[in-house]
file coords-v2.json (JSON, C-alpha atoms)
[["chain", "number", "residue", "atom", "x", "y", "z"],
["J", 1, "MET", "CA", 64.99, 101.53, 127.24],
["J", 2, "ILE", "CA", 67.54, 99.96, 124.90],
["J", 3, "LYS", "CA", 67.79, 101.73, 121.56],
["J", 4, "ALA", "CA", 68.84, 100.17, 118.26],
["J", 5, "LYS", "CA", 72.41, 100.70, 117.11],
["J", 6, "HIS", "CA", 73.24, 99.22, 113.73],
["J", 7, "HIS", "CA", 76.76, 97.81, 113.91],
["J", 8, "TRP", "CA", 78.71, 98.03, 110.66],
["J", 9, "PHE", "CA", 79.44, 94.27, 110.73],
["J", 10, "LEU", "CA", 76.77, 92.65, 112.95],
["J", 11, "TYR", "CA", 73.82, 94.22, 111.13],
["J", 12, "PRO", "CA", 74.63, 92.91, 107.62],
["J", 13, "PHE", "CA", 75.91, 89.64, 109.11],
["J", 14, "PHE", "CA", 72.58, 89.12, 110.92],
["J", 15, "GLU", "CA", 70.67, 89.62, 107.65],
["J", 16, "TRP", "CA", 72.94, 87.20, 105.80],
["J", 17, "TYR", "CA", 73.01, 84.63, 108.61],
["J", 18, "GLY", "CA", 69.23, 84.72, 109.01],
["J", 19, "TRP", "CA", 68.69, 84.04, 105.33],
["J", 20, "ILE", "CA", 71.23, 81.19, 105.28],
["J", 21, "ARG", "CA", 69.63, 79.58, 108.34],
["J", 22, "MET", "CA", 66.20, 79.82, 106.72],
["J", 23, "LYS", "CA", 67.50, 78.24, 103.50],
["J", 24, "GLN", "CA", 68.96, 75.39, 105.56],
["J", 25, "CYS", "CA", 65.85, 74.73, 107.63],
["J", 26, "PHE", "CA", 63.06, 75.26, 105.09],
["J", 27, "SER", "CA", 62.73, 73.28, 101.88],
["J", 28, "ASN", "CA", 61.30, 76.31, 100.04],
["J", 29, "ILE", "CA", 60.68, 79.96, 100.88],
["J", 30, "SER", "CA", 57.94, 81.78, 99.01],
["J", 31, "MET", "CA", 57.29, 85.53, 99.31],
["J", 32, "GLU", "CA", 54.10, 86.75, 97.69],
["J", 33, "GLY", "CA", 52.50, 90.19, 97.74],
["J", 34, "ASP", "CA", 52.18, 93.64, 96.26],
["J", 35, "PHE", "CA", 54.13, 96.71, 97.28],
["J", 36, "HIS", "CA", 54.73, 100.02, 95.53],
["J", 37, "ASP", "CA", 57.38, 102.09, 97.30],
["J", 38, "ARG", "CA", 56.35, 105.73, 97.54],
["J", 39, "GLY", "CA", 59.43, 106.73, 99.52],
["J", 40, "LEU", "CA", 57.71, 106.48, 102.92],
["J", 41, "PRO", "CA", 58.79, 104.90, 106.21],
["J", 42, "LEU", "CA", 57.43, 101.40, 106.65],
["J", 43, "LEU", "CA", 55.66, 99.65, 109.54],
["J", 44, "LEU", "CA", 55.62, 95.87, 109.23],
["J", 45, "VAL", "CA", 52.77, 94.09, 111.06],
["J", 46, "PRO", "CA", 53.36, 90.30, 111.10],
["J", 47, "ASN", "CA", 51.91, 87.40, 113.07],
["J", 48, "HIS", "CA", 54.03, 86.22, 115.99],
["J", 49, "PHE", "CA", 54.34, 82.48, 116.52],
["J", 50, "SER", "CA", 58.00, 81.47, 116.71],
["J", 51, "TRP", "CA", 61.66, 82.07, 117.42],
["J", 52, "TRP", "CA", 62.06, 82.53, 113.67],
["J", 53, "ASP", "CA", 59.91, 85.66, 113.36],
["J", 54, "GLY", "CA", 62.74, 88.20, 113.43],
["J", 55, "PHE", "CA", 64.59, 86.28, 110.73],
["J", 56, "PHE", "CA", 61.43, 86.12, 108.60],
["J", 57, "THR", "CA", 60.85, 89.87, 108.70],
["J", 58, "SER", "CA", 64.53, 90.72, 108.26],
["J", 59, "SER", "CA", 64.73, 88.49, 105.17],
["J", 60, "LEU", "CA", 61.51, 89.92, 103.74],
["J", 61, "ASN", "CA", 62.97, 93.38, 104.15],
["J", 62, "ARG", "CA", 66.22, 92.29, 102.51],
["J", 63, "LYS", "CA", 64.42, 90.81, 99.51],
["J", 64, "VAL", "CA", 61.51, 93.23, 99.03],
["J", 65, "PHE", "CA", 61.54, 96.50, 100.98],
["J", 66, "HIS", "CA", 65.24, 97.43, 101.29],
["J", 67, "LYS", "CA", 64.78, 99.61, 104.37],
["J", 68, "LYS", "CA", 66.89, 100.03, 107.51],
["J", 69, "TYR", "CA", 65.56, 97.24, 109.71],
["J", 70, "HIS", "CA", 64.22, 97.84, 113.24],
["J", 71, "VAL", "CA", 62.23, 95.47, 115.44],
["J", 72, "MET", "CA", 60.55, 96.00, 118.81],
["J", 73, "MET", "CA", 61.58, 93.29, 121.28],
["J", 74, "LYS", "CA", 60.68, 92.61, 124.91],
["J", 75, "GLU", "CA", 63.24, 94.25, 127.18],
["J", 76, "LYS", "CA", 63.84, 91.10, 129.21],
["J", 77, "GLN", "CA", 64.73, 89.15, 126.08],
["J", 78, "LEU", "CA", 66.81, 91.94, 124.56],
["J", 79, "LYS", "CA", 68.88, 92.23, 127.75],
["J", 80, "LYS", "CA", 69.50, 88.48, 127.53],
["J", 81, "TYR", "CA", 70.55, 88.74, 123.87],
["J", 82, "ILE", "CA", 71.94, 92.28, 123.88],
["J", 83, "PHE", "CA", 73.80, 91.83, 120.58],
["J", 84, "PHE", "CA", 70.42, 92.05, 118.81],
["J", 85, "SER", "CA", 70.41, 95.77, 119.65],
["J", 86, "ARG", "CA", 73.31, 96.05, 117.18],
["J", 87, "THR", "CA", 71.16, 94.52, 114.45],
["J", 88, "GLY", "CA", 68.14, 96.82, 114.74],
["J", 89, "ALA", "CA", 66.29, 95.61, 117.86],
["J", 90, "PHE", "CA", 65.00, 98.06, 120.47],
["J", 91, "SER", "CA", 63.23, 97.29, 123.71],
["J", 92, "ILE", "CA", 59.76, 97.62, 125.15],
["J", 93, "SER", "CA", 59.29, 97.17, 128.89],
["J", 94, "SER", "CA", 56.57, 95.17, 130.61],
["J", 95, "ASN", "CA", 56.23, 98.14, 133.00],
["J", 96, "PRO", "CA", 53.25, 100.20, 131.74],
["J", 97, "LYS", "CA", 54.93, 103.44, 132.86],
["J", 98, "LYS", "CA", 57.88, 102.77, 130.53],
["J", 99, "ILE", "CA", 55.91, 101.69, 127.46],
["J", 100, "PRO", "CA", 55.36, 105.26, 126.13],
["J", 101, "GLU", "CA", 59.13, 105.74, 125.83],
["J", 102, "SER", "CA", 59.40, 102.80, 123.43],
["J", 103, "MET", "CA", 56.32, 103.86, 121.49],
["J", 104, "ASN", "CA", 57.67, 107.39, 121.09],
["J", 105, "TYR", "CA", 60.98, 105.95, 119.91],
["J", 106, "ALA", "CA", 59.15, 103.88, 117.26],
["J", 107, "ILE", "CA", 57.23, 106.99, 116.17],
["J", 108, "GLU", "CA", 60.50, 108.90, 115.85],
["J", 109, "LEU", "CA", 62.00, 106.11, 113.71],
["J", 110, "LEU", "CA", 58.94, 106.23, 111.47],
["J", 111, "LYS", "CA", 59.57, 109.88, 110.63],
["J", 112, "HIS", "CA", 62.48, 108.86, 108.40],
["J", 113, "PRO", "CA", 61.78, 107.29, 104.99],
["J", 114, "GLU", "CA", 64.81, 104.99, 105.09],
["J", 115, "ASN", "CA", 63.48, 103.16, 108.18],
["J", 116, "MET", "CA", 61.32, 100.11, 108.71],
["J", 117, "VAL", "CA", 59.88, 99.15, 112.10],
["J", 118, "THR", "CA", 58.61, 95.63, 112.78],
["J", 119, "PHE", "CA", 55.82, 95.61, 115.35],
["J", 120, "PHE", "CA", 54.22, 92.39, 116.61],
["J", 121, "PRO", "CA", 50.72, 93.54, 117.63],
["J", 122, "GLN", "CA", 49.86, 90.30, 119.44],
["J", 123, "GLY", "CA", 52.51, 91.10, 122.04],
["J", 124, "HIS", "CA", 53.23, 87.40, 122.62],
["J", 125, "PHE", "CA", 53.31, 84.11, 120.74],
["J", 126, "GLU", "CA", 50.06, 82.69, 119.36],
["J", 127, "SER", "CA", 49.79, 79.50, 117.35],
["J", 128, "VAL", "CA", 49.48, 79.80, 113.58],
["J", 129, "TYR", "CA", 46.27, 77.77, 114.06],
["J", 130, "GLN", "CA", 44.76, 80.40, 116.36],
["J", 131, "GLN", "CA", 41.85, 82.18, 114.71],
["J", 132, "PRO", "CA", 41.20, 84.96, 115.17],
["J", 133, "LEU", "CA", 44.54, 86.39, 116.26],
["J", 134, "HIS", "CA", 44.34, 88.89, 119.10],
["J", 135, "PHE", "CA", 45.92, 92.35, 119.03],
["J", 136, "LYS", "CA", 46.89, 94.45, 122.01],
["J", 137, "LYS", "CA", 46.13, 98.18, 121.93],
["J", 138, "GLY", "CA", 49.71, 99.19, 121.06],
["J", 139, "ILE", "CA", 49.27, 99.06, 117.29],
["J", 140, "THR", "CA", 46.33, 101.46, 117.46],
["J", 141, "GLU", "CA", 48.17, 103.89, 119.75],
["J", 142, "LEU", "CA", 51.18, 103.84, 117.48],
["J", 143, "LEU", "CA", 49.20, 104.63, 114.33],
["J", 144, "LYS", "CA", 47.08, 107.23, 116.11],
["J", 145, "ASN", "CA", 50.12, 109.21, 117.24],
["J", 146, "LEU", "CA", 52.00, 109.27, 113.94],
["J", 147, "GLU", "CA", 52.64, 112.76, 112.58],
["J", 148, "ASN", "CA", 53.40, 111.69, 109.01],
["J", 149, "GLU", "CA", 52.23, 109.22, 106.39],
["J", 150, "ILE", "CA", 53.80, 105.76, 106.33],
["J", 151, "HIS", "CA", 53.43, 102.43, 104.57],
["J", 152, "VAL", "CA", 51.72, 99.81, 106.75],
["J", 153, "ILE", "CA", 52.33, 96.26, 105.56],
["J", 154, "PHE", "CA", 50.43, 93.26, 106.87],
["J", 155, "VAL", "CA", 52.51, 90.05, 106.85],
["J", 156, "ALA", "CA", 51.45, 86.44, 107.38],
["J", 157, "ASN", "CA", 54.19, 83.86, 107.95],
["J", 158, "LEU", "CA", 52.87, 80.33, 107.44],
["J", 159, "PRO", "CA", 54.92, 77.11, 107.57],
["J", 160, "GLU", "CA", 53.66, 73.96, 105.82],
["J", 161, "TYR", "CA", 55.21, 70.50, 105.40],
["J", 162, "PHE", "CA", 53.24, 68.93, 102.55],
["J", 163, "GLU", "CA", 55.42, 66.30, 100.83],
["J", 164, "SER", "CA", 58.77, 67.38, 102.32],
["J", 165, "PRO", "CA", 60.45, 66.36, 105.61],
["J", 166, "LYS", "CA", 61.45, 70.03, 105.91],
["J", 167, "PRO", "CA", 58.69, 72.63, 106.17],
["J", 168, "LYS", "CA", 58.01, 75.11, 103.41],
["J", 169, "LEU", "CA", 57.62, 78.75, 104.39],
["J", 170, "PHE", "CA", 55.00, 80.97, 102.81],
["J", 171, "ILE", "CA", 55.30, 84.71, 103.47],
["J", 172, "TYR", "CA", 52.36, 86.80, 102.31],
["J", 173, "TYR", "CA", 52.37, 90.60, 102.49],
["J", 174, "LYS", "CA", 49.91, 93.33, 101.63],
["J", 175, "GLU", "CA", 49.84, 97.10, 102.02],
["J", 176, "TYR", "CA", 47.14, 98.24, 104.42],
["J", 177, "ILE", "CA", 45.27, 101.55, 104.26],
["J", 178, "TYR", "CA", 45.10, 102.49, 107.93],
["J", 179, "PRO", "CA", 43.70, 106.07, 108.24],
["J", 180, "GLY", "CA", 40.34, 106.15, 109.98],
["J", 181, "ARG", "CA", 40.55, 102.58, 111.28],
["J", 182, "ASN", "CA", 40.05, 101.92, 115.00],
["J", 183, "HIS", "CA", 41.45, 99.01, 117.01],
["J", 184, "ASP", "CA", 38.65, 96.55, 116.31],
["J", 185, "MET", "CA", 38.73, 97.37, 112.60],
["J", 186, "ILE", "CA", 42.49, 96.92, 112.39],
["J", 187, "GLU", "CA", 42.33, 93.57, 114.19],
["J", 188, "LYS", "CA", 39.48, 92.39, 111.95],
["J", 189, "ASP", "CA", 41.20, 93.61, 108.78],
["J", 190, "TYR", "CA", 44.37, 91.75, 109.72],
["J", 191, "ASN", "CA", 42.44, 88.56, 110.50],
["J", 192, "ASP", "CA", 40.66, 88.80, 107.14],
["J", 193, "PHE", "CA", 44.07, 89.07, 105.45],
["J", 194, "TYR", "CA", 45.41, 86.19, 107.56],
["J", 195, "TYR", "CA", 42.46, 83.97, 106.64],
["J", 196, "GLU", "CA", 42.92, 84.75, 102.94],
["J", 197, "SER", "CA", 46.61, 83.85, 103.26],
["J", 198, "ILE", "CA", 45.70, 80.49, 104.81],
["J", 199, "LYS", "CA", 43.24, 79.85, 101.95],
["J", 200, "LYS", "CA", 46.08, 80.39, 99.46],
["J", 201, "ASN", "CA", 48.06, 77.65, 101.18],
["J", 202, "ILE", "CA", 45.07, 75.32, 101.12],
["J", 203, "ASN", "CA", 44.47, 76.00, 97.43],
["J", 204, "SER", "CA", 48.14, 75.44, 96.61],
["J", 205, "ILE", "CA", 47.73, 71.68, 97.11],
["J", 206, "THR", "CA", 44.26, 71.21, 95.60]]

call {"tool": "encode", "arguments": {"input": "coords-v2.json", "output": "structure tokens"}}
result
Amino acid sequence: MIKAKHHWFLYPFFEWYGWIRMKQCFSNISMEGDFHDRGLPLLLVPNHFSWWDGFFTSSLNRKVFHKKYHVMMKEKQLKKYIFFSRTGAFSISSNPKKIPESMNYAIELLKHPENMVTFFPQGHFESVYQQPLHFKKGITELLKNLENEIHVIFVANLPEYFESPKPKLFIYYKEYIYPGRNHDMIEKDYNDFYYESIKKNINSIT
């Protein structure tokens, strides 16, 4: 697998560049949620619908969480854009025999309170209009095998146009209490959060 190596220049440049690109392409960026840092590692669980998703989570970390950014990325894509490994990306293979190596690496990262890992539980793109969203089993396996307490943060990234020719971006986040939750519960809990986030967008123009 390809491990993350934070380059002294590329890592902060990626964070800065991502934020600048978002400011250029979205008419407004709103981040709304509650988070109380208890000095724990952080697992970010966002929806996955676009090329932008890594920039969204990196910028949310930069503005709110202030952790060392890591993101799990498909190995085929990371090999194509290998420089992302210098900005916090690490790979997961499509070969089932190699998946445990990436999961164990994520678990190791989540032992250290300065780290954040972004994990897209859908495993592939789904439309923002898809309801419910579908989770693969990886998120459950990851949480089940943790040896220490972490923050788990649900994130919903929702673009809307409304009155502007450029879309607005709404980023909602919420800490999730995960102990004792099985796969179906986690998926349902996320979809409940996602639906509530959509309702906030609807109510914002009524």

call {"tool": "closest_atom_pairs", "arguments": {"input": "coords-v2.json", "of": "stretch 160-202 of chain J", "to": "stretch 4-23 of chain J", "cutoff": "12 Å", "atoms": "all atoms listed in the file", "output": "Markdown table"}}
result
| residue | atom | partner | partner_atom | distance |
| --- | --- | --- | --- | --- |
| J:Lys166 | CA | J:Lys23 | CA | 10.5 |
| J:Pro167 | CA | J:Met22 | CA | 10.4 |
| J:Lys168 | CA | J:Lys23 | CA | 10.0 |
| J:Leu169 | CA | J:Met22 | CA | 9.0 |
| J:Phe170 | CA | J:Met22 | CA | 11.9 |

call {"tool": "residues_around", "arguments": {"input": "coords-v2.json", "residues": "J:Val45", "least_positions_apart": "6", "cutoff": "7 Å", "atoms": "all atoms listed in the file", "output": "number ranges by chain"}}
result
J: 118-121, 153-155

call {"tool": "residues_near_point", "arguments": {"input": "coords-v2.json", "point": "(47.0, 88.7, 119.6)", "cutoff": "7 Å", "atoms": "all atoms listed in the file", "output": "PyMOL selection string"}}
result
chain J and resi 121-123+126+133-136

call {"tool": "write_last_selection", "arguments": {"input": "coords-v2.json", "atoms": "C-alpha atoms", "output": "compact mmCIF listing (two decimals), in the frame of the given file"}}
result
# COMPACT_ATOMS: atom_id res chain seq x y z
CA PRO J 121 50.72 93.54 117.63
CA GLN J 122 49.86 90.30 119.44
CA GLY J 123 52.51 91.10 122.04
CA GLU J 126 50.06 82.69 119.36
CA LEU J 133 44.54 86.39 116.26
CA HIS J 134 44.34 88.89 119.10
CA PHE J 135 45.92 92.35 119.03
CA LYS J 136 46.89 94.45 122.01

call {"tool": "closest_residue", "arguments": {"input": "coords-v2.json", "among": "J:Leu42, J:Leu142, J:Cys25, J:Met72", "to": "J:Met1", "atoms": "only C-alpha atoms"}}
result
J:Met72

call {"tool": "residues_around", "arguments": {"input": "coords-v2.json", "residues": "J:Lys67", "least_positions_apart": "4", "cutoff": "12 Å", "atoms": "all atoms listed in the file", "output": "PyMOL selection string"}}
result
chain J and resi 37+39-44+57-63+88+109-110+112-118+151

call {"tool": "residues_around", "arguments": {"input": "coords-v2.json", "residues": "J:Pro165", "least_positions_apart": "3", "cutoff": "12 Å", "atoms": "only C-alpha atoms", "output": "compact mmCIF listing (two decimals) with C-alpha atoms, in the coordinates of the input"}}
result
# COMPACT_ATOMS: atom_id res chain seq x y z
CA CYS J 25 65.85 74.73 107.63
CA PHE J 26 63.06 75.26 105.09
CA SER J 27 62.73 73.28 101.88
CA ASN J 28 61.30 76.31 100.04
CA GLU J 160 53.66 73.96 105.82
CA TYR J 161 55.21 70.50 105.40
CA PHE J 162 53.24 68.93 102.55
CA LYS J 168 58.01 75.11 103.41

call {"tool": "closest_atom_pairs", "arguments": {"input": "coords-v2.json", "of": "stretch 114-157 of chain J", "to": "stretch 172-181 of chain J", "cutoff": "12 Å", "atoms": "all atoms listed in the file", "output": "JSON lines"}}
result
{"residue": "J:Ile139", "atom": "CA", "partner": "J:Tyr178", "partner_atom": "CA", "distance": 10.8}
{"residue": "J:Thr140", "atom": "CA", "partner": "J:Arg181", "partner_atom": "CA", "distance": 8.5}
{"residue": "J:Glu141", "atom": "CA", "partner": "J:Arg181", "partner_atom": "CA", "distance": 11.5}
{"residue": "J:Leu142", "atom": "CA", "partner": "J:Tyr178", "partner_atom": "CA", "distance": 11.4}
{"residue": "J:Leu143", "atom": "CA", "partner": "J:Tyr178", "partner_atom": "CA", "distance": 7.9}
{"residue": "J:Lys144", "atom": "CA", "partner": "J:Pro179", "partner_atom": "CA", "distance": 8.6}
{"residue": "J:Asn145", "atom": "CA", "partner": "J:Pro179", "partner_atom": "CA", "distance": 11.5}
{"residue": "J:Leu146", "atom": "CA", "partner": "J:Pro179", "partner_atom": "CA", "distance": 10.6}
{"residue": "J:Glu147", "atom": "CA", "partner": "J:Pro179", "partner_atom": "CA", "distance": 12.0}
{"residue": "J:Asn148", "atom": "CA", "partner": "J:Pro179", "partner_atom": "CA", "distance": 11.2}
{"residue": "J:Glu149", "atom": "CA", "partner": "J:Pro179", "partner_atom": "CA", "distance": 9.3}
{"residue": "J:Ile150", "atom": "CA", "partner": "J:Tyr178", "partner_atom": "CA", "distance": 9.4}
{"residue": "J:His151", "atom": "CA", "partner": "J:Glu175", "partner_atom": "CA", "distance": 6.9}
{"residue": "J:Val152", "atom": "CA", "partner": "J:Tyr176", "partner_atom": "CA", "distance": 5.4}
{"residue": "J:Ile153", "atom": "CA", "partner": "J:Glu175", "partner_atom": "CA", "distance": 4.4}
{"residue": "J:Phe154", "atom": "CA", "partner": "J:Lys174", "partner_atom": "CA", "distance": 5.3}
{"residue": "J:Val155", "atom": "CA", "partner": "J:Tyr173", "partner_atom": "CA", "distance": 4.4}
{"residue": "J:Ala156", "atom": "CA", "partner": "J:Tyr172", "partner_atom": "CA", "distance": 5.2}
{"residue": "J:Asn157", "atom": "CA", "partner": "J:Tyr172", "partner_atom": "CA", "distance": 6.6}
